[in-house]
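In what follows, a single structure is set out as structure tokens and then discussed.
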Protein chains: 2
Amino acid sequence: MTTKLAPVTSPADCKAAIQRENRRVTSYDVALLAGVSQSAVSRCFKPGASVSKATYARVMKAAQGLDYIPNAAARSLITRRSNIVGVIISHLANLYHPEALSELSQQINRRGKRVLLFTWQNELDVEHVLTDVWQYQVDGVIASAPLSDAHVAEFSRRDVPLVAFNPGQASQLVNSVVCDQREAGHMLVSRLAAAGHRLFGIIDGPESNAVCNERRRGCAERLAQLGYPAPVIVRGNFDYASGARGLRDIIAQAGRVPDALICGNDVMAFGAIDCARHELGISVPGELSVAGFDAAEASNWLSYQLTTLRLPVQKMAVAAAELLSNLIDTHDGDAERRVFAPQFIEGATARLTLPASVSLAA
Amino acid sequence: MTTKLAPVTSPADCKAAIQRENRRVTSYDVALLAGVSQSAVSRCFKPGASVSKATYARVMKAAQGLDYIPNAAARSLITRRSNIVGVIISHLANLYHPEALSELSQQINRRGKRVLLFTWQNELDVEHVLTDVWQYQVDGVIASAPLSDAHVAEFSRRDVPLVAFNPGQASQLVNSVVCDQREAGHMLVSRLAAAGHRLFGIIDGPESNAVCNERRRGCAERLAQLGYPAPVIVRGNFDYASGARGLRDIIAQAGRVPDALICGNDVMAFGAIDCARHELGISVPGELSVAGFDAAEASNWLSYQLTTLRLPVQKMAVAAAELLSNLIDTHDGDAERRVFAPQFIEGATARLTLPASVSLAA
């Protein structure tokens, strides 16, 4: 019928044969058509596996010709690996480090896995979320959410590798990547105290937030060591409005404007600074020093130039992905903690040297 | 041995029987132990399915006693549903609406599915990301990333339901949830023109960003209709620095400060406003009106109170989840577009009424 040379195996011939045999397309069919080994086909479909560009192109062309899709579900039954890592995050919309999720996702991709998102709005959802986690048979979990000791034990009982990402107080039982929040509190108070600030106000995070609680404890501890008055502490919700409200409440409770204000995150610091400057007519840092936590994007905008602490989010994401990877490979039971130090950002909203009058008096 | 009444079936007896038979625990074993039907057990493990609190508690207790985990992979082979929805996002760290992902995740959870995240850093990753999408056998995909017509066709060929979320120019081929960007441009220019602004500067997004391009086209179109001078257009990267740089470049190109500046997103508007106020000594809105796009969190902070446009992100997320849900159930081929209008936020960075002198002259 045609004068063209027929290829040894054409997609059409191959497809017809499969149809005659009434079976699904397999990686063997693809290998045959592409003229490569079956393991080369596997590697092409394994994210992160090494394969030459030429082989990849041939395999993809053959796979497309046969409408071949490697079945992850079938493979998962054989390998016992789903290549899915669960990431549990509470209050995604309030995630103060959107780049943390981005970093985690990239690090996990690099290891040939993808992120399945588990979010919860309130603590009542935890049980449902965990039931789902067991069902999807994830290879492991990175949790940036408060998990109780009982929940941690359940991971261990089910042999599901778990790494806690930036928890406030890391349980001894769980692998975790943490930032030393108590040390962060010490550092901040020490710097501000050295500049002559004595009366401190603290706008803390919500009661359930262990990270903030730990930091606040660090601040109070250092103030006590210095023999300074106890700080005036109020709670906020991490939002702009609670920063403004927090400053007003602290002034009311203290009976005067404090020397320094430490906020549980940057957004509350922005709220407090704007309230001081635009509503109360208090100069920052002239009359009031303000410090935040996080080094959020807006912290180096000209309107703020906030004095704050930066979490090494990228390093922490790399560490979490590494820890989890090892756990998935070894299922080793010994818990490891990797602790990172926050970095002090001087900014321009806190006075960090003694005022001239004090220097002279000293 | 014991005087206590033995239960009809104890977890221990049940477990021993299973071990004798050398098989895995099944939902039937759980049903037997809990004294409920097998379908009740299924419902308990199906997110979003209706089940009474009492039944749920009994089933969970029995399942825990037997260490039963429903195997999602095995179920997926039978039902042909993975209960996973892929969400493809380019540049997660720059996601201008972190709440969009949160809303999508919640809406998808509500339908008994979870979000598998596919992110890419640059356009070269697209092929690898899509290969992964086919492998994980997701039930459907919501894409908030630029997909070519060829990619869209590939989804259709593989019969993987796809909804494009807030693409710039929606292809006629694909189900999509969009915001009318051209109309947004028209609206903004009309409001500013009515207040007497004539010379416009535009800080556009990157060339590859279809959303911004569409909006810029809308602005230019409306200016042409009004017979106003063509706007001075520069490109930015959506970051604070390119807002400041953009304003300087526009002033240099125009030879004067424009009457109004329209920025491709809020963050560039913050950069331009701070540059005008703190570096160039230009009063906003006294000498220069500035408008953004997005209604980002910081847009209503006292330091900015930005004039901007808000995308109805929550409604758009609900619509996307609904569209995808229907597609998964019906695999209907007709593409639907759901178009939402942006909402104008007056703010305080743009003059929106004619200045007194002009009013008198008119």
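Naming scheme: A, B, ... for chains in displayed order of the structure tokens; residues 1 onward per chain; ligands 1 onward as shown.
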
request  = Might you pull out every residue within 12 Å of Val232 in chain B, with only C-alpha atoms counted and same-chain residues fewer than 5 positions away left off, and present them as a ChimeraX atom specification?
outcome  = /B:198-204,216,219-220,223,246-263

Just write the chosen residues, N, CA and C atoms, as a PDB file, in the first residue's frame.
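Dumped everything to part-v7.pdb:
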```pdb
ATOM      1  N   ARG B 198      -4.667  63.675  33.637  1.00  0.00           N
ATOM      2  CA  ARG B 198      -4.548  63.507  32.184  1.00  0.00           C
ATOM      3  C   ARG B 198      -3.324  62.686  31.780  1.00  0.00           C
ATOM      4  N   LEU B 199      -2.187  62.967  32.432  1.00  0.00           N
ATOM      5  CA  LEU B 199      -0.973  62.219  32.069  1.00  0.00           C
ATOM      6  C   LEU B 199      -0.793  61.040  33.036  1.00  0.00           C
ATOM      7  N   PHE B 200      -0.866  59.829  32.488  1.00  0.00           N
ATOM      8  CA  PHE B 200      -0.785  58.622  33.303  1.00  0.00           C
ATOM      9  C   PHE B 200       0.558  57.914  33.140  1.00  0.00           C
ATOM     10  N   GLY B 201       1.075  57.391  34.249  1.00  0.00           N
ATOM     11  CA  GLY B 201       2.197  56.465  34.210  1.00  0.00           C
ATOM     12  C   GLY B 201       1.676  55.094  34.604  1.00  0.00           C
ATOM     13  N   ILE B 202       2.223  54.053  34.004  1.00  0.00           N
ATOM     14  CA  ILE B 202       1.827  52.685  34.372  1.00  0.00           C
ATOM     15  C   ILE B 202       3.078  51.872  34.674  1.00  0.00           C
ATOM     16  N   ILE B 203       3.146  51.306  35.880  1.00  0.00           N
ATOM     17  CA  ILE B 203       4.204  50.330  36.172  1.00  0.00           C
ATOM     18  C   ILE B 203       3.581  48.958  35.990  1.00  0.00           C
ATOM     19  N   ASP B 204       3.909  48.333  34.871  1.00  0.00           N
ATOM     20  CA  ASP B 204       3.314  47.068  34.479  1.00  0.00           C
ATOM     21  C   ASP B 204       4.024  45.915  35.193  1.00  0.00           C
ATOM     22  N   ARG B 216      -3.291  46.390  31.611  1.00  0.00           N
ATOM     23  CA  ARG B 216      -2.607  47.521  31.012  1.00  0.00           C
ATOM     24  C   ARG B 216      -3.291  47.886  29.700  1.00  0.00           C
ATOM     25  N   CYS B 219      -6.353  49.833  30.435  1.00  0.00           N
ATOM     26  CA  CYS B 219      -6.038  51.225  30.788  1.00  0.00           C
ATOM     27  C   CYS B 219      -5.762  52.044  29.536  1.00  0.00           C
ATOM     28  N   ALA B 220      -4.893  51.509  28.656  1.00  0.00           N
ATOM     29  CA  ALA B 220      -4.482  52.245  27.462  1.00  0.00           C
ATOM     30  C   ALA B 220      -5.682  52.494  26.551  1.00  0.00           C
ATOM     31  N   LEU B 223      -7.846  55.302  27.895  1.00  0.00           N
ATOM     32  CA  LEU B 223      -7.184  56.594  27.700  1.00  0.00           C
ATOM     33  C   LEU B 223      -7.332  57.044  26.249  1.00  0.00           C
ATOM     34  N   GLY B 246      10.438  52.204  39.051  1.00  0.00           N
ATOM     35  CA  GLY B 246       9.455  52.504  38.018  1.00  0.00           C
ATOM     36  C   GLY B 246       9.045  53.971  38.035  1.00  0.00           C
ATOM     37  N   LEU B 247       8.809  54.507  39.227  1.00  0.00           N
ATOM     38  CA  LEU B 247       8.409  55.914  39.322  1.00  0.00           C
ATOM     39  C   LEU B 247       9.506  56.831  38.781  1.00  0.00           C
ATOM     40  N   ARG B 248      10.753  56.562  39.202  1.00  0.00           N
ATOM     41  CA  ARG B 248      11.881  57.367  38.703  1.00  0.00           C
ATOM     42  C   ARG B 248      11.965  57.322  37.176  1.00  0.00           C
ATOM     43  N   ASP B 249      11.834  56.102  36.617  1.00  0.00           N
ATOM     44  CA  ASP B 249      11.943  55.939  35.162  1.00  0.00           C
ATOM     45  C   ASP B 249      10.829  56.693  34.437  1.00  0.00           C
ATOM     46  N   ILE B 250       9.634  56.630  34.989  1.00  0.00           N
ATOM     47  CA  ILE B 250       8.499  57.304  34.334  1.00  0.00           C
ATOM     48  C   ILE B 250       8.714  58.819  34.347  1.00  0.00           C
ATOM     49  N   ILE B 251       9.177  59.350  35.491  1.00  0.00           N
ATOM     50  CA  ILE B 251       9.439  60.794  35.576  1.00  0.00           C
ATOM     51  C   ILE B 251      10.509  61.191  34.559  1.00  0.00           C
ATOM     52  N   ALA B 252      11.549  60.348  34.442  1.00  0.00           N
ATOM     53  CA  ALA B 252      12.625  60.648  33.488  1.00  0.00           C
ATOM     54  C   ALA B 252      12.098  60.628  32.053  1.00  0.00           C
ATOM     55  N   GLN B 253      11.297  59.605  31.737  1.00  0.00           N
ATOM     56  CA  GLN B 253      10.777  59.494  30.364  1.00  0.00           C
ATOM     57  C   GLN B 253       9.784  60.593  30.026  1.00  0.00           C
ATOM     58  N   ALA B 254       8.929  60.961  30.988  1.00  0.00           N
ATOM     59  CA  ALA B 254       7.884  61.955  30.719  1.00  0.00           C
ATOM     60  C   ALA B 254       8.435  63.380  30.823  1.00  0.00           C
ATOM     61  N   GLY B 255       9.560  63.527  31.498  1.00  0.00           N
ATOM     62  CA  GLY B 255      10.112  64.863  31.705  1.00  0.00           C
ATOM     63  C   GLY B 255       9.397  65.630  32.810  1.00  0.00           C
ATOM     64  N   ARG B 256       8.429  64.959  33.474  1.00  0.00           N
ATOM     65  CA  ARG B 256       7.748  65.571  34.618  1.00  0.00           C
ATOM     66  C   ARG B 256       7.027  64.493  35.432  1.00  0.00           C
ATOM     67  N   VAL B 257       6.560  64.871  36.607  1.00  0.00           N
ATOM     68  CA  VAL B 257       5.786  63.929  37.429  1.00  0.00           C
ATOM     69  C   VAL B 257       4.419  63.756  36.770  1.00  0.00           C
ATOM     70  N   PRO B 258       3.996  62.516  36.507  1.00  0.00           N
ATOM     71  CA  PRO B 258       2.681  62.332  35.883  1.00  0.00           C
ATOM     72  C   PRO B 258       1.567  62.739  36.864  1.00  0.00           C
ATOM     73  N   ASP B 259       0.327  62.844  36.353  1.00  0.00           N
ATOM     74  CA  ASP B 259      -0.793  63.170  37.240  1.00  0.00           C
ATOM     75  C   ASP B 259      -1.186  61.952  38.071  1.00  0.00           C
ATOM     76  N   ALA B 260      -1.161  60.795  37.416  1.00  0.00           N
ATOM     77  CA  ALA B 260      -1.587  59.572  38.108  1.00  0.00           C
ATOM     78  C   ALA B 260      -0.669  58.423  37.746  1.00  0.00           C
ATOM     79  N   LEU B 261      -0.465  57.524  38.731  1.00  0.00           N
ATOM     80  CA  LEU B 261       0.396  56.359  38.522  1.00  0.00           C
ATOM     81  C   LEU B 261      -0.420  55.105  38.837  1.00  0.00           C
ATOM     82  N   ILE B 262      -0.496  54.193  37.867  1.00  0.00           N
ATOM     83  CA  ILE B 262      -1.211  52.934  38.075  1.00  0.00           C
ATOM     84  C   ILE B 262      -0.178  51.816  38.137  1.00  0.00           C
ATOM     85  N   CYS B 263      -0.221  51.053  39.222  1.00  0.00           N
ATOM     86  CA  CYS B 263       0.789  50.006  39.423  1.00  0.00           C
ATOM     87  C   CYS B 263       0.165  48.621  39.252  1.00  0.00           C
TER      88      CYS B 263
END
```

Near Asp67 in chain B, within 12 Å and counting only C-alpha atoms, which residues show up once chain neighbours fewer than 2 positions away are dropped, as a PDB file with C-alpha atoms, in the first residue's frame?
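Output (selection-v2.pdb):
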```pdb
ATOM      1  CA  TRP A 134      -3.152   7.860  57.496  1.00  0.00           C
ATOM      2  CA  GLU A 154       0.306   8.059  67.042  1.00  0.00           C
ATOM      3  CA  ARG A 157       2.874   3.859  66.499  1.00  0.00           C
ATOM      4  CA  ARG A 158       1.882   3.898  62.824  1.00  0.00           C
ATOM      5  CA  ASP A 159       5.519   4.235  61.789  1.00  0.00           C
TER       6      ASP A 159
ATOM      7  CA  PRO B  11      -9.998  -6.782  69.229  1.00  0.00           C
ATOM      8  CA  ALA B  12      -7.534  -9.441  70.418  1.00  0.00           C
ATOM      9  CA  CYS B  14     -10.245 -10.559  65.856  1.00  0.00           C
ATOM     10  CA  LYS B  15      -6.533  -9.790  65.435  1.00  0.00           C
ATOM     11  CA  ILE B  18      -6.548 -12.325  60.984  1.00  0.00           C
ATOM     12  CA  ARG B  24      -4.385  -7.758  55.990  1.00  0.00           C
ATOM     13  CA  VAL B  25      -7.035  -6.152  58.171  1.00  0.00           C
ATOM     14  CA  THR B  26     -10.034  -5.211  56.028  1.00  0.00           C
ATOM     15  CA  SER B  27     -12.955  -2.846  56.497  1.00  0.00           C
ATOM     16  CA  ASP B  29     -13.111  -6.848  60.172  1.00  0.00           C
ATOM     17  CA  VAL B  30     -13.632  -3.323  61.474  1.00  0.00           C
ATOM     18  CA  VAL B  59     -15.675   2.654  64.083  1.00  0.00           C
ATOM     19  CA  MET B  60     -12.584   4.671  65.053  1.00  0.00           C
ATOM     20  CA  LYS B  61     -12.221   2.663  68.262  1.00  0.00           C
ATOM     21  CA  ALA B  62     -12.477  -0.646  66.392  1.00  0.00           C
ATOM     22  CA  ALA B  63     -10.123   0.565  63.639  1.00  0.00           C
ATOM     23  CA  GLN B  64      -7.569   1.636  66.213  1.00  0.00           C
ATOM     24  CA  GLY B  65      -7.867  -1.694  68.036  1.00  0.00           C
ATOM     25  CA  ILE B  69      -5.797   1.968  57.816  1.00  0.00           C
ATOM     26  CA  PRO B  70      -7.897   2.124  54.678  1.00  0.00           C
TER      27      PRO B  70
END
```

key: Polymer residues at most 9 Å from Gly243 in chain A, only C-alpha atoms, same-chain spacing of 4 or more positions, as a PyMOL selection string   = chain A and resi 203+236-239+247-248+263+267-273+275

Would you export the selected residues with C-alpha atoms as a CSV table (one decimal), in the first residue's frame, please?
```csv
chain,number,residue,atom,x,y,z
A,203,ILE,CA,2.4,42.3,72.6
A,236,GLY,CA,-2.7,39.9,70.2
A,237,ASN,CA,-3.9,37.9,67.2
A,238,PHE,CA,-0.9,38.6,64.9
A,239,ASP,CA,-2.9,41.1,62.9
A,247,LEU,CA,-0.1,49.5,72.4
A,248,ARG,CA,-3.1,51.4,73.8
A,263,CYS,CA,5.8,42.5,69.3
A,267,VAL,CA,2.5,42.9,61.4
A,268,MET,CA,1.5,43.7,65.0
A,269,ALA,CA,4.6,46.0,65.2
A,270,PHE,CA,3.4,47.8,62.1
A,271,GLY,CA,0.0,48.3,63.7
A,272,ALA,CA,1.6,49.6,66.9
A,273,ILE,CA,4.0,52.0,65.0
A,275,CYS,CA,-1.0,53.9,65.9
```

task = Identify, on the basis of only C-alpha atoms, every residue whose closest approach to Ser156 in chain B does not exceed 10 Å; exclude the query and any residue fewer than 4 positions from it along the same chain; express the result as a ChimeraX atom specification.
result = /B:150-152,160-162,173-174,331,333

Using DSSP assignments from the backbone, pull out every residue in range 6-252 of chain A that falls under strand (DSSP E or B) and give it to me as a PDB file with C-alpha atoms, in the first residue's frame.
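Below is the file that was written, states-v2.pdb:
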```
ATOM      1  CA  ILE A  84       3.785  12.014  48.661  1.00  0.00           C
ATOM      2  CA  VAL A  85       4.893  14.035  51.665  1.00  0.00           C
ATOM      3  CA  GLY A  86       2.133  15.488  53.793  1.00  0.00           C
ATOM      4  CA  VAL A  87       2.601  19.072  54.964  1.00  0.00           C
ATOM      5  CA  ILE A  88       0.290  20.001  57.826  1.00  0.00           C
ATOM      6  CA  ILE A  89      -0.240  23.735  58.314  1.00  0.00           C
ATOM      7  CA  SER A  90      -2.643  25.443  60.652  1.00  0.00           C
ATOM      8  CA  ARG A 114       5.319  16.156  46.009  1.00  0.00           C
ATOM      9  CA  VAL A 115       3.540  17.963  48.813  1.00  0.00           C
ATOM     10  CA  LEU A 116       0.005  17.013  49.819  1.00  0.00           C
ATOM     11  CA  LEU A 117      -1.456  19.907  51.802  1.00  0.00           C
ATOM     12  CA  PHE A 118      -3.335  19.354  55.026  1.00  0.00           C
ATOM     13  CA  THR A 119      -4.716  22.545  56.516  1.00  0.00           C
ATOM     14  CA  TRP A 120      -6.911  23.125  59.478  1.00  0.00           C
ATOM     15  CA  GLY A 140       6.170  11.128  55.791  1.00  0.00           C
ATOM     16  CA  VAL A 141       4.890  14.365  57.247  1.00  0.00           C
ATOM     17  CA  ILE A 142       6.262  17.820  57.977  1.00  0.00           C
ATOM     18  CA  ALA A 143       4.034  19.539  60.514  1.00  0.00           C
ATOM     19  CA  SER A 144       3.952  23.284  61.029  1.00  0.00           C
ATOM     20  CA  LEU A 162       7.308  13.030  61.243  1.00  0.00           C
ATOM     21  CA  VAL A 163       9.325  16.234  61.392  1.00  0.00           C
ATOM     22  CA  ALA A 164       8.014  19.211  63.352  1.00  0.00           C
ATOM     23  CA  PHE A 165       8.803  22.493  61.616  1.00  0.00           C
ATOM     24  CA  ASN A 175      12.379  15.092  65.077  1.00  0.00           C
ATOM     25  CA  SER A 176      12.256  18.824  64.732  1.00  0.00           C
ATOM     26  CA  VAL A 177      13.716  21.903  63.121  1.00  0.00           C
ATOM     27  CA  VAL A 178      13.426  24.798  65.505  1.00  0.00           C
ATOM     28  CA  CYS A 179      14.510  28.343  66.002  1.00  0.00           C
ATOM     29  CA  PHE A 200       9.137  47.028  78.420  1.00  0.00           C
ATOM     30  CA  GLY A 201       5.759  46.302  76.875  1.00  0.00           C
ATOM     31  CA  ILE A 202       5.160  42.985  75.104  1.00  0.00           C
ATOM     32  CA  ILE A 203       2.373  42.300  72.620  1.00  0.00           C
ATOM     33  CA  ASP A 204       2.306  38.528  72.720  1.00  0.00           C
ATOM     34  CA  VAL A 232       3.542  44.771  80.736  1.00  0.00           C
ATOM     35  CA  ILE A 233       2.150  41.938  78.643  1.00  0.00           C
ATOM     36  CA  VAL A 234      -0.990  41.866  76.485  1.00  0.00           C
ATOM     37  CA  ARG A 235      -2.152  39.321  73.919  1.00  0.00           C
TER      38      ARG A 235
END
```

key: Surrounding residues of Ser39 in chain A excluding itself and chain neighbours under 4 positions, 12 Å, only C-alpha atoms, as an MDAnalysis selection string   = chainID A and resid 27:28 30:32 35 43:46 49:51 55 59

query = Given the choices A:Pro206, A:Arg217, A:Leu33, A:Gly227, which gets closest to Ser242 in chain A if the distance is worked out from only C-alpha atoms?
reply =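 For Ser242 in chain A, the nearest of the candidates is A:Pro206.
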
inquiry  = Which residue is closest to chain B? Choose from A:Asp139, A:Asp132, A:Glu207, A:Asp294 and count only C-alpha atoms.
reply    =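 So, comparing all the options, the nearest one is A:Asp132.
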
ask   = Quick one: DSSP alpha helix (DSSP H) residues in range 62-296 of chain A, as a ChimeraX atom specification?
value = /A:62-66,72-79,98-110,126-135,149-157,181-194,210-226,240-254,266-274
